[in-house]
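Shown below: work.cif, with mmCIF, C-alpha atoms.
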```cif
data_input
loop_
_atom_site.label_atom_id
_atom_site.label_comp_id
_atom_site.auth_asym_id
_atom_site.auth_seq_id
_atom_site.Cartn_x
_atom_site.Cartn_y
_atom_site.Cartn_z
CA MET W 1157 75.79 146.44 219.32
CA SER W 1158 73.45 148.01 216.79
CA SER W 1159 69.95 146.70 216.23
CA SER W 1160 69.02 145.25 212.84
CA ARG W 1161 65.51 146.63 213.02
CA ILE W 1162 64.77 149.50 210.67
CA THR W 1163 62.54 152.37 211.77
CA ALA W 1164 60.66 154.18 209.04
CA VAL W 1165 57.98 156.85 208.79
CA ARG W 1166 54.80 155.83 207.01
CA VAL W 1167 52.42 158.46 205.68
CA LEU W 1168 48.83 157.61 206.56
CA ARG W 1169 46.03 159.38 204.69
CA LEU W 1170 42.92 160.05 206.77
CA ARG W 1171 39.72 161.21 205.10
CA VAL W 1172 37.82 164.26 206.33
CA LYS W 1173 34.14 163.55 206.96
CA ASP W 1174 31.68 164.63 204.28
CA LYS W 1175 29.81 167.06 206.52
CA HIS W 1176 32.72 169.52 206.11
CA ALA W 1177 32.64 169.37 202.30
CA ALA W 1178 30.76 172.66 201.78
CA TRP W 1179 33.11 174.61 204.07
CA LEU W 1180 36.22 173.09 202.45
CA CYS W 1181 34.89 173.90 198.98
CA GLY W 1182 34.54 177.52 200.08
CA LEU W 1183 38.18 177.55 201.18
CA ALA W 1184 39.18 175.96 197.87
CA ARG W 1185 37.44 178.77 195.97
CA GLU W 1186 39.38 181.29 198.04
CA VAL W 1187 42.58 179.43 197.13
CA ASN W 1188 41.66 179.79 193.45
CA THR W 1189 41.02 183.51 193.96
CA VAL W 1190 44.46 184.08 195.48
CA PHE W 1191 46.15 181.94 192.80
CA SER W 1192 44.43 183.82 189.97
CA TYR W 1193 45.32 187.15 191.57
CA CYS W 1194 49.00 186.10 191.67
CA ASN W 1195 48.72 185.01 188.05
CA GLU W 1196 47.30 188.35 186.91
CA LEU W 1197 49.72 190.38 189.04
CA SER W 1198 52.69 188.45 187.67
CA MET W 1199 51.62 189.17 184.09
CA LYS W 1200 51.23 192.91 184.75
CA VAL W 1201 54.62 193.20 186.47
CA PHE W 1202 56.27 191.33 183.60
CA GLU W 1203 54.63 193.60 181.02
CA ARG W 1204 55.75 196.76 182.82
CA GLU W 1205 59.15 195.80 184.29
CA ARG W 1206 60.15 192.64 182.39
CA ARG W 1207 60.78 190.69 185.56
CA PHE W 1208 59.05 187.88 187.42
CA LEU W 1209 57.89 187.98 191.02
CA SER W 1210 59.14 185.44 193.51
CA GLY W 1211 56.99 183.99 196.26
CA PHE W 1212 58.37 186.57 198.69
CA ASP W 1213 57.70 189.45 196.28
CA PHE W 1214 53.96 188.66 196.28
CA TRP W 1215 53.56 189.20 200.01
CA PRO W 1216 53.40 193.06 200.07
CA PHE W 1217 50.45 192.82 197.64
CA LEU W 1218 48.68 190.18 199.75
CA LYS W 1219 48.92 191.82 203.16
CA GLY W 1220 45.55 192.34 204.81
CA VAL W 1221 43.59 189.76 202.77
CA THR W 1222 42.83 187.85 205.99
CA ARG W 1223 41.67 190.94 207.92
CA GLY W 1224 38.69 193.27 207.62
CA ASP W 1225 35.05 192.87 206.64
CA CYS W 1226 35.82 191.16 203.32
CA ALA W 1227 38.65 189.03 204.69
CA LEU W 1228 39.38 185.55 203.42
CA HIS W 1229 38.86 182.63 205.77
CA LEU W 1230 42.23 181.14 204.82
CA PRO W 1231 45.09 181.36 207.35
CA VAL W 1232 47.90 183.79 206.55
CA GLN W 1233 50.34 180.88 206.15
CA ALA W 1234 48.08 179.30 203.52
CA VAL W 1235 48.04 182.54 201.51
CA GLN W 1236 51.84 182.65 201.64
CA GLU W 1237 52.07 179.04 200.52
CA ILE W 1238 49.77 179.72 197.52
CA ALA W 1239 52.04 182.55 196.35
CA GLU W 1240 55.17 180.43 196.78
CA GLU W 1241 53.59 177.51 194.94
CA TYR W 1242 52.56 179.77 192.07
CA ALA W 1243 56.12 181.09 191.74
CA ARG W 1244 57.51 177.54 191.78
CA ARG W 1245 55.09 176.32 189.10
CA ARG W 1246 55.72 179.32 186.88
CA ARG W 1247 59.48 178.70 187.00
CA GLN W 1248 58.97 174.98 186.45
CA HIS W 1249 56.86 175.41 183.31
CA ARG W 1250 58.77 178.50 182.10
CA LYS W 1251 55.67 180.45 181.23
CA VAL W 1252 54.67 184.07 181.66
CA ARG W 1253 51.14 183.05 182.61
CA LEU W 1254 49.74 179.83 184.03
CA ALA W 1255 46.25 178.47 183.48
CA TRP W 1256 43.55 180.02 185.66
CA ARG W 1257 42.21 177.88 188.48
CA LYS W 1258 38.45 177.63 187.91
CA SER W 1259 35.95 177.44 190.77
CA GLY W 1260 32.93 176.43 188.66
CA GLY W 1261 32.00 174.38 185.64
CA ALA W 1262 33.03 170.92 184.56
CA ARG W 1263 36.75 171.77 184.65
CA ARG W 1264 36.75 173.30 188.12
CA SER W 1265 39.73 172.86 190.43
CA LEU W 1266 38.65 172.52 194.06
CA GLY W 1267 41.03 169.87 195.34
CA TRP W 1268 43.87 171.95 196.81
CA ILE W 1269 44.02 173.77 200.15
CA PRO W 1270 47.65 174.24 201.26
CA PHE W 1271 48.60 174.31 204.92
CA LYS W 1272 51.65 174.16 207.11
CA VAL W 1273 52.14 171.83 210.05
CA ARG W 1274 52.26 174.65 212.59
CA THR W 1275 48.78 175.83 211.51
CA ILE W 1276 46.96 172.62 212.46
CA ARG W 1277 46.33 170.74 215.70
CA TYR W 1278 45.17 167.17 216.19
CA ARG W 1279 43.09 165.96 219.10
CA ALA W 1280 40.70 163.07 219.67
CA GLY W 1281 40.18 162.22 216.02
CA GLN W 1282 39.77 165.85 214.89
CA VAL W 1283 42.03 168.38 213.18
CA TYR W 1284 41.80 172.10 213.99
CA PHE W 1285 42.35 174.22 210.88
CA ALA W 1286 41.35 177.78 210.03
CA GLY W 1287 39.15 178.13 213.12
CA HIS W 1288 37.22 174.89 212.61
CA TRP W 1289 37.48 171.39 214.06
CA LEU W 1290 37.36 168.85 211.21
CA SER W 1291 36.29 165.31 212.04
CA LEU W 1292 38.27 162.47 210.44
CA TRP W 1293 37.56 158.87 209.56
CA ASP W 1294 40.34 157.52 211.82
CA SER W 1295 40.40 153.98 210.47
CA PHE W 1296 43.91 153.41 211.89
CA GLY W 1297 42.94 154.25 215.47
CA LEU W 1298 45.84 156.68 215.83
CA SER W 1299 44.23 158.98 218.34
CA GLY W 1300 46.78 161.55 219.47
CA TYR W 1301 49.26 161.05 216.61
CA LEU W 1302 49.90 162.53 213.17
CA ASN W 1303 53.24 160.92 212.27
CA VAL W 1304 53.77 157.41 213.61
CA CYS W 1305 57.17 155.68 213.58
CA VAL W 1306 56.70 151.94 213.14
CA PRO W 1307 59.28 149.12 213.10
CA ARG W 1308 59.84 147.91 209.59
CA THR W 1309 61.14 144.46 208.81
CA GLY W 1310 62.09 145.30 205.21
CA GLY W 1311 65.51 146.07 203.77
CA ASP W 1312 68.11 143.83 202.16
CA LYS W 1313 69.50 142.81 205.56
CA ASN W 1314 66.20 141.20 206.54
CA LYS W 1315 65.51 139.52 203.21
CA PRO W 1316 66.05 135.75 202.91
CA ALA W 1317 69.55 134.67 201.99
CA ILE W 1318 69.98 134.24 198.25
CA PRO W 1319 71.37 130.67 198.57
CA SER W 1320 68.23 129.64 200.45
CA ILE W 1321 66.13 130.88 197.53
CA LEU W 1322 68.27 129.20 194.89
CA ASP W 1323 68.15 125.81 196.67
CA ARG W 1324 64.34 126.14 197.08
CA THR W 1325 64.52 126.18 200.89
CA VAL W 1326 62.59 129.47 200.83
CA PRO W 1327 59.65 129.39 198.40
CA SER W 1328 59.82 131.75 195.44
CA LEU W 1329 57.30 132.56 192.75
CA GLY W 1330 57.34 133.49 189.08
CA ILE W 1331 54.37 135.38 187.62
CA ASP W 1332 53.37 135.60 183.97
CA LEU W 1333 50.85 138.39 183.27
CA GLY W 1334 48.38 137.99 180.42
CA LEU W 1335 44.95 138.83 179.05
CA THR W 1336 43.14 135.48 178.96
CA HIS W 1337 44.52 134.73 182.41
CA PHE W 1338 45.45 137.77 184.46
CA ALA W 1339 48.32 135.84 186.02
CA GLY W 1340 49.87 132.40 185.68
CA PHE W 1341 52.10 131.14 188.51
CA SER W 1342 55.13 128.88 188.63
CA ASP W 1343 53.75 127.31 191.82
CA ARG W 1344 51.41 124.57 190.64
CA GLY W 1345 49.50 124.91 193.90
CA LEU W 1346 48.23 128.27 192.67
CA PRO W 1347 45.80 127.97 189.76
CA PRO W 1348 45.93 130.67 187.06
CA ILE W 1349 43.66 133.63 187.77
CA ASP W 1350 41.25 134.50 184.98
CA ALA W 1351 41.04 138.05 183.73
CA LYS W 1352 38.31 139.80 185.70
CA GLY W 1353 37.13 142.26 183.02
CA PHE W 1354 36.14 144.97 185.48
CA TYR W 1355 35.45 147.51 182.73
CA ARG W 1356 33.87 145.09 180.27
CA ASN W 1357 31.41 143.76 182.86
CA LEU W 1358 29.99 147.24 183.43
CA GLU W 1359 30.41 148.48 179.86
CA PRO W 1360 26.71 148.00 178.92
CA ALA W 1361 25.58 149.98 181.98
CA LEU W 1362 28.16 152.65 181.21
CA ALA W 1363 26.96 152.92 177.61
CA ARG W 1364 23.35 153.39 178.76
CA ALA W 1365 24.37 156.13 181.19
CA GLN W 1366 26.38 157.92 178.53
CA ARG W 1367 23.57 157.76 175.97
CA ALA W 1368 21.22 159.20 178.58
CA ARG W 1369 23.83 161.91 179.34
CA ASN W 1370 23.62 161.02 183.01
CA ARG W 1371 26.96 162.35 184.24
CA THR W 1372 26.40 161.37 187.85
CA ARG W 1373 25.72 157.76 186.93
CA THR W 1374 28.66 157.73 184.50
CA ARG W 1375 31.08 158.94 187.18
CA ALA W 1376 29.69 156.39 189.64
CA ILE W 1377 30.26 153.52 187.20
CA HIS W 1378 33.82 154.64 186.44
CA ALA W 1379 34.51 154.85 190.19
CA LYS W 1380 33.03 151.39 190.70
CA VAL W 1381 35.29 149.93 188.00
CA ALA W 1382 38.38 151.55 189.54
CA ASN W 1383 37.48 150.47 193.08
CA ARG W 1384 36.84 146.87 192.04
CA ARG W 1385 40.15 146.69 190.22
CA LYS W 1386 42.05 148.27 193.08
CA ASP W 1387 40.46 145.93 195.63
CA PHE W 1388 41.38 142.85 193.58
CA LEU W 1389 44.97 143.97 192.97
CA HIS W 1390 45.55 144.91 196.61
CA LYS W 1391 44.27 141.60 197.96
CA LEU W 1392 46.25 139.52 195.45
CA SER W 1393 49.52 141.45 195.86
CA THR W 1394 49.28 141.34 199.66
CA ARG W 1395 48.69 137.59 199.66
CA LEU W 1396 51.66 136.92 197.38
CA ALA W 1397 54.03 139.23 199.25
CA ASN W 1398 53.20 137.51 202.54
CA SER W 1399 53.54 133.95 201.19
CA TYR W 1400 56.88 133.89 199.37
CA GLY W 1401 60.50 134.90 199.98
CA ALA W 1402 61.08 136.05 196.40
CA VAL W 1403 58.68 137.19 193.69
CA PHE W 1404 59.63 137.58 190.01
CA VAL W 1405 57.31 139.06 187.39
CA GLY W 1406 57.69 139.50 183.64
CA ASN W 1407 58.40 142.95 182.25
CA VAL W 1408 55.44 143.04 179.86
CA ASN W 1409 55.08 146.51 178.32
CA PRO W 1410 51.47 147.72 178.75
CA ILE W 1411 52.21 151.10 177.12
CA ALA W 1412 53.15 149.45 173.84
CA LEU W 1413 50.22 147.00 173.95
CA ALA W 1414 47.83 149.87 174.72
CA LYS W 1415 48.49 151.13 171.19
CA THR W 1416 47.13 147.95 169.62
CA ARG W 1417 43.62 146.56 169.19
CA GLN W 1418 43.94 144.95 172.62
CA ALA W 1419 44.15 148.35 174.33
CA LYS W 1420 40.86 148.07 176.22
CA SER W 1421 41.76 144.68 177.74
CA VAL W 1422 45.32 145.78 178.53
CA LEU W 1423 44.24 148.92 180.36
CA ASP W 1424 41.47 147.02 182.14
CA ALA W 1425 43.95 144.47 183.51
CA GLY W 1426 46.01 146.96 185.52
CA TRP W 1427 49.42 145.29 185.10
CA SER W 1428 51.45 148.38 186.00
CA ALA W 1429 49.45 149.02 189.18
CA PHE W 1430 49.84 145.35 190.18
CA ARG W 1431 53.63 145.43 189.74
CA THR W 1432 53.86 148.70 191.67
CA MET W 1433 51.88 147.21 194.55
CA LEU W 1434 54.04 144.09 194.54
CA SER W 1435 57.19 146.22 194.54
CA TYR W 1436 56.46 148.26 197.66
CA LYS W 1437 54.71 145.47 199.54
CA CYS W 1438 57.63 143.09 198.97
CA ALA W 1439 60.04 145.84 200.09
CA HIS W 1440 58.05 146.32 203.28
CA ALA W 1441 57.75 142.57 203.97
CA GLY W 1442 61.44 141.82 203.35
CA VAL W 1443 60.84 139.87 200.13
CA TRP W 1444 63.02 139.86 197.02
CA PHE W 1445 61.23 141.40 194.06
CA GLU W 1446 62.53 141.67 190.50
CA GLU W 1447 61.08 142.41 187.07
CA VAL W 1448 62.82 140.09 184.60
CA ASP W 1449 62.96 139.87 180.82
CA GLU W 1450 60.13 137.61 179.67
CA ALA W 1451 61.24 137.37 176.03
CA PHE W 1452 60.52 133.90 174.56
CA SER W 1453 59.19 132.68 177.93
CA THR W 1454 56.09 131.16 176.28
CA GLN W 1455 58.12 129.45 173.54
CA THR W 1456 60.89 127.97 175.68
CA CYS W 1457 60.43 124.61 177.36
CA SER W 1458 61.00 125.03 181.10
CA VAL W 1459 62.37 121.46 181.33
CA CYS W 1460 65.01 121.29 178.56
CA ASN W 1461 65.23 124.99 177.55
CA SER W 1462 64.46 124.14 173.91
CA ARG W 1463 62.53 126.79 172.00
CA THR W 1464 59.86 124.46 170.62
CA GLY W 1465 56.71 126.23 171.81
CA PRO W 1466 54.03 127.93 169.69
CA HIS W 1467 55.38 130.76 167.50
CA GLY W 1468 53.89 133.84 165.88
CA ARG W 1469 50.36 135.17 165.94
CA GLU W 1470 48.96 131.78 164.98
CA GLY W 1471 50.29 130.35 168.24
CA LEU W 1472 48.69 132.93 170.52
CA GLY W 1473 45.52 130.84 170.86
CA ILE W 1474 47.37 127.65 171.82
CA ARG W 1475 47.04 127.23 175.59
CA GLY W 1476 48.79 123.87 175.92
CA TRP W 1477 51.62 122.24 173.95
CA GLN W 1478 54.13 119.40 174.06
CA CYS W 1479 57.87 119.87 173.73
CA GLY W 1480 59.23 118.19 170.60
CA VAL W 1481 62.60 117.50 172.26
CA CYS W 1482 61.89 116.14 175.74
CA GLY W 1483 58.18 115.37 175.37
CA ALA W 1484 57.11 117.47 178.37
CA ILE W 1485 53.52 118.72 178.29
CA HIS W 1486 53.08 122.37 179.25
CA ASP W 1487 50.34 124.81 180.09
CA ARG W 1488 51.24 128.04 178.30
CA ASP W 1489 50.98 130.38 181.30
CA VAL W 1490 52.51 128.01 183.88
CA ASN W 1491 55.46 127.27 181.59
CA ALA W 1492 56.06 130.99 181.04
CA ALA W 1493 55.90 131.62 184.80
CA GLN W 1494 58.46 128.86 185.42
CA ASN W 1495 60.80 130.41 182.85
CA ILE W 1496 60.37 133.79 184.55
CA LEU W 1497 61.20 132.14 187.90
CA ALA W 1498 64.36 130.62 186.40
CA ALA W 1499 65.35 134.03 185.00
CA GLY W 1500 64.85 135.56 188.45
CA HIS W 1501 67.04 132.90 190.04
CA ARG W 1502 69.75 133.65 187.47
CA ARG W 1503 69.49 137.35 188.38
CA LEU W 1504 70.04 136.56 192.07
CA ALA W 1505 72.95 134.24 191.26
CA GLU W 1506 74.57 137.06 189.30
CA GLU W 1507 74.26 139.32 192.36
CA ILE W 1508 76.19 136.77 194.40
CA LEU W 1509 78.98 136.69 191.81
CA ILE W 1510 79.12 140.48 191.66
CA SER W 1511 79.30 140.79 195.44
CA ARG W 1512 82.12 138.22 195.63
CA GLY W 1513 84.03 139.62 192.66
#
```

Using structure tokens, write down the structure that the file contains.
Amino acid sequence: MSSSRITAVRVLRLRVKDKHAAWLCGLAREVNTVFSYCNELSMKVFERERRFLSGFDFWPFLKGVTRGDCALHLPVQAVQEIAEEYARRRRQHRKVRLAWRKSGGARRSLGWIPFKVRTIRYRAGQVYFAGHWLSLWDSFGLSGYLNVCVPRTGGDKNKPAIPSILDRTVPSLGIDLGLTHFAGFSDRGLPPIDAKGFYRNLEPALARAQRARNRTRTRAIHAKVANRRKDFLHKLSTRLANSYGAVFVGNVNPIALAKTRQAKSVLDAGWSAFRTMLSYKCAHAGVWFEEVDEAFSTQTCSVCNSRTGPHGREGLGIRGWQCGVCGAIHDRDVNAAQNILAAGHRRLAEEILISRG
């Protein structure tokens, strides 16, 4: 009898401690040197012989770069990987010459040091690489492991049965994303969440730093905005994925709205990041997740399905309205979320019909 539990491999990113930053930056500059050498060599061979070098063809020209008095500190395998990566990128972009990797200036590239698994060792919270032991911030407590197989409860087999969602035995949630309120929910026990305005709250401080040409302060403010937004979205998405058996969210198009006068507020909200977080967290928790068409969700009465709500640009400022057919009183965001929930239920019902037919 086979087990219904699913085993998956999760990739955990552990940060190297800051005391190794100077040494790693030195290795990154050596990576740029090798990459630029491959770039220049490829151009010269193409000019003379009208052919391109593969990753293997670079190796005779790179032998000995890790030996001698002027040797690089990179492992031999890292040098090979740089040449192979250059050949792959050149084929991908179909260019004779790629952009040079710069080691200085504002547009420097110091974030890539390739390695292969056989060139590193892990022990007691440290990684041995290129003759140095690098200390890690092991926040997961995975001493002695690099890849950890964990039981995963996700997958369609472990999701709640669709009939239990349709008959409301398992709670489900519809979410309407907006600008005045970041999210309105179909569950009346969850009040709408106001837009946080992470960027707008720090915009005056950012403007002062930019006028003073203080680049360090400007980068710090941008990082603070991004970290605040990410923290808020992670906490909210985790709470929702752990509380409901099905989550449905409207398919609002932030790319199109970012081309309007509301661009700053749209980009500050982080709708796409929120939906991405909900998607993979619901998949991991065994929760149904769907993006549904939210067209006319604010205009349609969630009680009688009559399209009697506020229309056009003049109706965008109306937050509450009464249906002219059934007399139901609606909050704009809650009504839209309930319509999104109903659309999600219809999507699940269609899946039942497809599976039976």

key: Exercise: Ala1234 (chain W) partners within 8 Å, only C-alpha atoms, chain neighbours under 2 positions left out, as a VMD selection string   = chain W and resid 1230 to 1232 1236 to 1238 1269 to 1272

request  = Do a neighbour search on region 1352-1369 of chain W at 12 Å with all atoms listed in the file, toss out local chain neighbours closer than 5 positions, and write the hits as number ranges by chain.
outcome  = W: 1334-1339, 1374-1389, 1420-1426

task = Run the PyMOL selection byres ((chain W and resi 1287) around 10) on the file and write out the hits as a ChimeraX atom specification.
result = /W:1229-1231,1276,1284-1286,1288-1290

task = Work out how far CA of Cys1479 (chain W) is from CA of Thr1464 (chain W), in Å to one decimal.
result = 5.9 Å

message = Taking (53.7, 137.6, 197.2) in the coordinates of the supplied file, I want to know which residues reach to within 10 Å of it, counting all atoms listed in the file; could you give the answer as a ChimeraX atom specification?
response = /W:1328-1331,1392-1404,1434-1435,1437-1438,1441,1443-1445

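A straight line drawn from CA of Arg1488 (chain W) to CA of Met1433 (chain W) is 25.1 Å long.
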
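Taking CA of Leu1292 (chain W) as the reference point, CA of Val1172 (chain W) is found at 4.5 Å.
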
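Considering the residues W:Ala1492, W:His1176, W:Val1448, W:Arg1463 and counting only C-alpha atoms, Val1283 (chain W) has its shortest atom-to-atom contact with W:His1176.
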
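Distances to Trp1179 (chain W) were evaluated for W:Leu1266, W:Tyr1278, W:Glu1196, W:Arg1344 using all atoms listed in the file, and the minimum falls at W:Leu1266.
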
task = Give me the result of the PyMOL selection byres ((chain W and resi 1457) around 10) on this file, residue by residue, as a PyMOL selection string.
result = chain W and resi 1452-1456+1458-1465+1477-1486+1488+1491-1492+1494-1495

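Neighbouring residues of Leu1197 (chain W) at 9 Å or closer, counting only C-alpha atoms and skipping chain neighbours under 4 positions away, are Ser1192, Tyr1193, Val1201, Phe1202, Leu1209, Phe1214 and Phe1217 of chain W.
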
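Distances here use all atoms listed in the file; by that measure, the residue among W:Glu1446, W:Ala1414, W:Val1326, W:Asp1332 closest to Asp1487 (chain W) is W:Asp1332.
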